[in-house]
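Enquirer: So here's entry-v8.cif, just mmCIF, C-alpha atoms:
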data_coords
#
loop_
_atom_site.label_atom_id
_atom_site.label_comp_id
_atom_site.auth_asym_id
_atom_site.auth_seq_id
_atom_site.Cartn_x
_atom_site.Cartn_y
_atom_site.Cartn_z
CA LEU A 230 9.30 19.58 9.70
CA GLU A 231 7.76 16.17 8.97
CA HIS A 232 11.21 14.66 8.35
CA LEU A 233 12.58 16.16 11.57
CA THR A 234 9.63 14.78 13.54
CA ARG A 235 10.21 11.33 12.08
CA LEU A 236 13.94 11.51 12.78
CA HIS A 237 13.30 12.54 16.39
CA ALA A 238 10.87 9.62 16.85
CA LEU A 239 13.34 7.20 15.30
CA VAL A 240 16.08 8.29 17.70
CA ARG A 241 13.77 8.10 20.72
CA LEU A 242 12.14 4.75 19.89
CA GLY A 243 15.33 3.30 18.46
CA ARG A 244 17.30 4.06 21.61
CA ARG A 245 14.65 2.40 23.76
CA TYR A 246 14.56 -0.66 21.49
CA LEU A 247 18.35 -1.05 21.29
CA GLU A 248 18.76 -0.63 25.05
CA ALA A 249 16.24 -3.42 25.61
CA ARG A 250 18.15 -5.62 23.16
CA ARG A 251 21.41 -4.78 24.91
CA ASP A 252 19.99 -5.76 28.29
CA ASP A 253 18.57 -9.01 26.89
CA PRO A 254 20.56 -10.29 23.87
CA GLU A 255 18.07 -13.14 23.45
CA LEU A 256 15.15 -10.75 23.06
CA ALA A 257 13.32 -11.40 19.80
CA PRO A 258 13.00 -8.53 17.29
CA GLU A 259 9.96 -6.29 17.81
CA THR A 260 6.96 -7.43 15.76
CA SER A 261 4.21 -5.05 16.88
CA THR A 262 5.88 -2.14 15.07
CA SER A 263 8.32 -1.67 12.19
CA ILE A 264 11.10 -0.27 14.39
CA ALA A 265 13.38 -3.28 13.76
CA ALA A 266 13.30 -2.69 10.01
CA TRP A 267 13.87 1.04 10.52
CA LEU A 268 17.06 0.14 12.39
CA GLY A 269 18.26 -2.11 9.59
CA HIS A 270 17.00 -5.56 10.59
CA ALA A 271 16.59 -7.73 7.48
CA TRP A 272 13.73 -10.08 8.29
CA GLN A 273 14.18 -13.70 7.24
CA LEU A 274 11.15 -15.81 6.39
CA VAL A 275 11.99 -18.26 9.16
CA GLU A 276 11.89 -15.38 11.68
CA LEU A 277 8.52 -14.20 10.43
CA LYS A 278 7.14 -17.72 10.68
CA ALA A 279 8.51 -18.18 14.19
CA ALA A 280 6.84 -14.91 15.19
CA GLY A 281 3.49 -16.11 13.85
CA LEU A 282 3.52 -13.60 11.00
CA VAL A 283 2.33 -16.04 8.38
CA GLU A 284 -1.05 -16.66 6.76
CA GLU A 285 -1.86 -20.00 5.19
CA ALA A 286 -3.77 -20.49 1.93
CA ALA A 287 -3.94 -16.80 1.08
CA GLU A 288 -5.22 -15.38 -2.19
CA LEU A 289 -4.03 -12.00 -3.45
CA MET A 290 -5.04 -9.84 -6.41
CA GLN A 291 -2.65 -7.17 -7.65
CA LEU A 292 -4.35 -3.79 -8.00
CA ALA A 293 -1.39 -1.61 -9.02
CA PHE A 294 2.31 -1.86 -9.78
CA HIS A 295 5.20 0.49 -10.44
CA SER A 296 8.99 0.42 -10.68
CA HIS A 297 11.34 3.28 -9.99
CA ASP A 298 15.02 4.08 -9.88
CA ASP A 299 16.10 5.13 -6.39
CA VAL A 300 19.22 7.08 -7.30
CA ALA A 301 20.04 8.00 -3.69
CA ARG A 302 20.10 4.34 -2.60
CA LYS A 303 21.53 3.17 -5.93
CA GLU A 304 18.87 0.55 -6.52
CA TYR A 305 15.75 -0.20 -8.52
CA VAL A 306 12.56 -0.81 -6.55
CA ASP A 307 9.58 -2.81 -7.84
CA THR A 308 6.41 -2.30 -5.80
CA GLY A 309 3.18 -4.24 -6.13
CA ILE A 310 -0.04 -3.20 -4.40
CA TRP A 311 -2.31 -6.15 -3.66
CA MET A 312 -5.58 -6.87 -1.93
CA ASN A 313 -5.74 -9.92 0.29
CA LEU A 314 -9.03 -11.41 -0.88
CA GLY A 315 -9.57 -13.11 2.46
CA SER A 316 -8.95 -10.26 4.88
CA GLY A 317 -9.42 -7.29 2.56
CA ARG A 318 -6.10 -5.77 3.67
CA ILE A 319 -4.04 -3.84 1.15
CA GLN A 320 -0.56 -5.36 1.24
CA LEU A 321 2.68 -4.58 -0.61
CA THR A 322 5.39 -6.56 -2.33
CA GLN A 323 8.75 -4.90 -2.79
CA THR A 324 11.81 -6.14 -4.65
CA PHE A 325 15.02 -4.17 -4.19
CA ARG A 326 17.63 -4.51 -6.94
CA PRO A 327 20.92 -2.74 -6.14
CA TYR A 328 22.77 -1.49 -9.22
CA LYS A 329 25.76 -3.71 -8.51
CA ALA A 330 23.61 -6.84 -8.26
CA VAL A 331 20.85 -6.05 -10.75
CA LYS A 332 21.78 -8.84 -13.16
CA PHE A 333 21.45 -11.40 -10.37
CA ILE A 334 18.02 -10.34 -9.05
CA LYS A 335 14.92 -10.93 -11.13
CA SER A 336 12.68 -7.91 -11.50
CA ASP A 337 8.99 -8.02 -10.63
CA ASP A 338 6.27 -7.06 -13.09
CA SER A 339 2.56 -6.42 -13.33
CA PHE A 340 0.51 -9.50 -12.44
CA PHE A 341 -3.00 -9.91 -13.81
CA GLN A 342 -4.04 -13.19 -12.22
CA VAL A 343 -4.92 -14.22 -8.67
CA ALA A 344 -1.96 -15.49 -6.67
CA GLN A 345 -2.79 -18.59 -4.60
CA ILE A 346 -0.17 -18.65 -1.87
CA PRO A 347 0.34 -21.61 0.49
CA GLU A 348 2.25 -19.47 3.03
CA LEU A 349 2.07 -15.68 3.01
CA PHE A 350 4.74 -14.07 5.19
CA ILE A 351 3.75 -10.67 6.61
CA TYR A 352 6.31 -8.14 7.75
CA PRO A 353 5.65 -6.02 10.86
CA GLY A 354 3.92 -2.84 9.73
CA ASP A 355 0.78 -0.77 9.93
CA VAL A 356 -1.89 -0.16 7.29
CA ASN A 357 -0.13 -1.66 4.26
CA PRO A 358 2.40 -4.22 5.49
CA ARG A 359 4.96 -5.74 3.16
CA VAL A 360 4.45 -9.41 2.29
CA ARG A 361 6.52 -12.16 0.69
CA TRP A 362 6.11 -15.76 -0.35
CA ASP A 363 8.28 -18.65 -1.46
CA GLY A 364 5.89 -20.03 -4.03
CA MET A 365 2.45 -19.43 -5.48
CA VAL A 366 0.05 -20.84 -8.06
CA PRO A 367 -1.64 -18.38 -10.45
CA ARG A 368 -5.25 -18.68 -11.54
CA GLN A 369 -7.53 -16.58 -13.67
CA PRO A 370 -9.64 -14.04 -11.75
CA THR A 371 -13.39 -14.59 -11.66
CA ALA A 372 -16.38 -12.32 -11.17
CA ALA A 373 -16.46 -13.55 -7.57
CA ASP A 374 -12.90 -12.24 -7.02
CA PHE A 375 -13.81 -8.77 -8.24
CA GLY A 376 -16.89 -8.99 -6.04
CA ARG A 377 -14.69 -9.70 -3.02
CA VAL A 378 -12.56 -6.63 -3.76
CA ARG A 379 -15.69 -4.51 -3.98
CA ALA A 380 -17.12 -6.01 -0.79
CA HIS A 381 -13.91 -5.25 1.14
CA ALA A 382 -13.70 -1.62 -0.03
CA VAL A 383 -14.42 1.17 2.45
CA THR A 384 -17.84 2.63 1.66
CA ASP A 385 -17.67 5.61 4.04
CA PHE A 386 -15.01 8.17 3.15
CA ALA A 387 -15.36 9.73 6.61
CA ALA A 388 -14.33 6.42 8.19
CA ALA A 389 -11.33 6.16 5.86
CA ILE A 390 -10.27 9.71 6.68
CA LYS A 391 -10.53 8.98 10.41
CA ALA A 392 -8.43 5.83 10.00
CA VAL A 393 -5.74 7.66 8.03
CA LYS A 394 -5.57 10.51 10.54
CA GLY A 395 -5.18 7.96 13.32
CA THR A 396 -2.36 6.27 11.43
CA LEU A 397 -0.53 9.53 10.74
CA LYS A 398 -0.34 10.26 14.47
CA ALA A 399 2.38 7.59 14.67
CA PRO A 400 5.55 9.35 13.47
CA LEU A 401 7.06 6.21 11.90
CA ALA A 402 3.89 5.19 10.08
CA ASP A 403 3.59 5.20 6.30
CA ARG A 404 2.74 8.79 5.33
CA HIS A 405 0.92 7.72 2.15
CA PRO A 406 -1.28 4.70 2.97
CA VAL A 407 -3.31 3.00 0.25
CA PHE A 408 -7.03 2.27 0.64
CA ALA A 409 -9.72 0.71 -1.55
CA LEU A 410 -12.64 3.17 -1.59
CA ARG A 411 -16.14 2.43 -2.86
CA PHE A 412 -17.29 5.59 -4.63
CA ALA A 413 -20.62 6.70 -6.03
CA ARG A 414 -19.08 8.94 -8.68
CA LEU A 415 -15.91 10.64 -9.85
CA GLY A 416 -16.19 14.13 -11.30
CA HIS A 417 -15.32 17.80 -10.98
CA VAL A 418 -16.13 20.47 -8.43
CA GLY A 419 -14.79 23.67 -9.90
CA GLU A 420 -11.24 22.92 -10.99
CA ASP A 421 -10.84 20.01 -8.58
CA LYS A 422 -11.26 16.36 -9.51
CA VAL A 423 -13.19 14.69 -6.70
CA ALA A 424 -14.43 11.30 -5.57
CA GLU A 425 -17.79 11.16 -3.80
CA ASP A 426 -19.26 8.34 -1.72
CA ALA A 427 -22.93 7.38 -1.43
CA ALA A 428 -23.39 9.72 1.55
CA GLY A 429 -22.02 12.72 -0.34
CA ASN A 430 -18.63 12.81 1.41
CA ARG A 431 -15.90 13.97 -0.96
CA LEU A 432 -12.17 13.57 -1.37
CA VAL A 433 -10.15 15.78 -3.71
CA MET A 434 -7.83 13.91 -6.07
CA THR A 435 -4.23 14.92 -6.66
CA ASP A 436 -1.09 13.77 -8.44
CA ALA A 437 0.98 14.70 -5.38
CA GLY A 438 2.25 11.96 -3.11
CA LEU A 439 5.15 9.70 -3.96
CA ARG A 440 7.45 11.40 -6.44
CA GLU A 441 8.32 8.11 -8.12
CA GLU A 442 4.71 7.39 -9.11
CA PRO A 443 3.60 8.83 -12.47
CA ALA A 444 0.74 11.30 -12.77
CA SER A 445 -2.65 9.62 -13.12
CA CYS A 446 -5.47 12.14 -12.66
CA HIS A 447 -5.46 13.13 -16.33
CA LEU A 448 -6.18 9.53 -17.34
CA LEU A 449 -9.61 9.67 -15.70
CA GLU A 450 -10.78 11.88 -18.56
CA LEU A 451 -10.18 8.99 -20.97
CA LEU A 452 -12.37 6.46 -19.16
CA PRO A 453 -15.96 5.60 -20.13
CA ALA A 454 -18.72 7.05 -17.96
CA ASP A 455 -19.71 3.71 -16.41
CA VAL A 456 -16.20 3.28 -14.95
CA LEU A 457 -16.60 6.58 -13.11
CA GLN A 458 -19.76 5.55 -11.25
CA ASP A 459 -20.32 3.03 -8.43
CA GLN A 460 -16.90 1.38 -8.58
CA VAL A 461 -13.88 0.93 -6.30
CA LEU A 462 -11.01 3.41 -6.37
CA VAL A 463 -7.60 2.21 -5.24
CA ALA A 464 -6.10 5.42 -3.86
CA ARG A 465 -3.01 6.61 -2.06
CA PHE A 466 -3.68 9.20 0.63
CA HIS A 467 -1.57 12.35 0.79
CA HIS A 468 -1.61 14.97 3.55
CA ASP A 469 -1.46 18.34 1.82
CA LEU A 470 0.51 20.58 4.18
CA ASP A 471 -0.62 23.73 2.36
CA THR A 472 -4.35 23.09 2.87
CA LEU A 473 -3.97 20.74 5.87
CA GLN A 474 -6.35 18.36 4.11
CA LEU A 475 -6.14 14.73 3.09
CA ARG A 476 -6.20 14.17 -0.65
CA ILE A 477 -6.00 11.01 -2.73
CA LYS A 478 -3.98 9.92 -5.73
CA PRO A 479 -5.89 7.49 -7.99
CA LEU A 480 -3.95 4.29 -8.70
CA ALA A 481 -6.63 2.01 -10.17
CA ILE A 482 -10.36 1.48 -10.52
CA VAL A 483 -11.87 -1.94 -9.87
CA THR A 484 -15.12 -2.75 -11.67
CA GLU A 485 -17.19 -5.92 -11.59
CA ALA A 486 -15.02 -7.41 -14.33
CA GLN A 487 -11.57 -5.78 -14.42
CA VAL A 488 -8.88 -3.67 -12.78
CA VAL A 489 -8.29 -0.45 -14.71
CA ARG A 490 -4.72 0.54 -13.84
CA LEU A 491 -3.72 4.19 -13.84
CA THR A 492 0.00 3.88 -13.03
CA LEU A 493 2.92 1.90 -14.43
#
Output the file's structure as structure tokens, nothing else.

Expert:
Amino acid sequence: LEHLTRLHALVRLGRRYLEARRDDPELAPETSTSIAAWLGHAWQLVELKAAGLVEEAAELMQLAFHSHDDVARKEYVDTGIWMNLGSGRIQLTQTFRPYKAVKFIKSDDSFFQVAQIPELFIYPGDVNPRVRWDGMVPRQPTAADFGRVRAHAVTDFAAAIKAVKGTLKAPLADRHPVFALRFARLGHVGEDKVAEDAAGNRLVMTDAGLREEPASCHLLELLPADVLQDQVLVARFHHDLDTLQLRIKPLAIVTEAQVVRLTL
């Protein structure tokens, strides 16, 4: 049903967008939504800059990374999940490596430093927009950088849930947005693994979500107790259609001194 709803929205919004482009061939691609990309537009950096979708002197810290083989599209996909240390937004890098061109495209990898980026190009999107850059200078992360991640994290789970529900009302929005959540503790309630904020609001953790991401909940059992209290959880939201509840998949935990990664 979710796929049919998205397909219907794509047809409806796509027709409107293409008709507007037909009536005005000089009309610039839509930047307030991701409809252009859905219809196959390959954004060039010069277009993003002309549209004002560029941030100068940005600093990003990678919080999670994974690669997967997209057999249906016949390509490898490398995805990095980053926090913009200035704005606090969670942003994504994605490198697509088609099978037939894989030897010509360099793969991405985990990055453990802070990326200092003169010009950060931001694709049209919603909660977690894709970003790119032409060049960057790495530097070692400091305690202040981890402090910025913690300061940007959402402290009220209820507010995060409200934001996600609002996002999911848009049929073309990302169905599994990533948030940085400040938690008071991680533990168990019955058989469920849960995260709890300072006000006592709880989110149940799950390994469901994106099929290409490896399971991570079991790794929490291996972490020291201090990592499970008063830290920041980088989590991917998942709408469980069986329970009609939002659940979260743990991707990483950010402490005052390190990022503990839970996925590859």

Enquirer: Which is closer to Phe466 of chain A than all the others in A:Met365, A:Ala266, A:Leu439, A:Ala380, using only C-alpha atoms?

Expert: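 Of A:Met365, A:Ala266, A:Leu439, A:Ala380, the one nearest Phe466 of chain A, counting only C-alpha atoms, is A:Leu439.
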
Enquirer: Identify, on the basis of all atoms listed in the file, every residue whose closest approach to Tyr246 of chain A does not exceed 10 Å; exclude the query and any residue fewer than 3 positions from it along the same chain; express the result as a PyMOL selection string.

Expert: chain A and resi 240-243+249-251+258-259+264-265+268

Enquirer: Do a neighbour search on Val331 of chain A at 12 Å with only C-alpha atoms, toss out local chain neighbours closer than 6 positions, and write the hits as a short mmCIF file (atom, residue, chain, number, x, y, z; two decimals) with C-alpha atoms, keeping the file's coordinate frame.

Expert:
data_model
loop_
_atom_site.label_atom_id
_atom_site.label_comp_id
_atom_site.auth_asym_id
_atom_site.auth_seq_id
_atom_site.Cartn_x
_atom_site.Cartn_y
_atom_site.Cartn_z
CA ASP A 298 15.02 4.08 -9.88
CA LYS A 303 21.53 3.17 -5.93
CA GLU A 304 18.87 0.55 -6.52
CA TYR A 305 15.75 -0.20 -8.52
CA VAL A 306 12.56 -0.81 -6.55
CA THR A 324 11.81 -6.14 -4.65
CA PHE A 325 15.02 -4.17 -4.19
#

Enquirer: Would you mind reading off the distance between atom CA of Glu348 of chain A and atom CA of Glu285 of chain A, one decimal, in Å?

Expert: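 For atom CA of Glu348 of chain A relative to atom CA of Glu285 of chain A, the distance reads 4.7 Å.
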
Enquirer: Select, from A:Arg377, A:Arg359, A:Arg476, A:Lys394, the residue with the minimum atom-to-atom distance to Leu432 of chain A, counting only C-alpha atoms.

Expert: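 For Leu432 of chain A, the nearest of the given residues is A:Arg476.
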
Enquirer: Nearest residue to Phe350 of chain A out of A:Glu276, A:Asp338, A:Asp307, A:Asp421, using all atoms listed in the file?

Expert: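 Nearest candidate to Phe350 of chain A out of A:Glu276, A:Asp338, A:Asp307, A:Asp421: A:Glu276.
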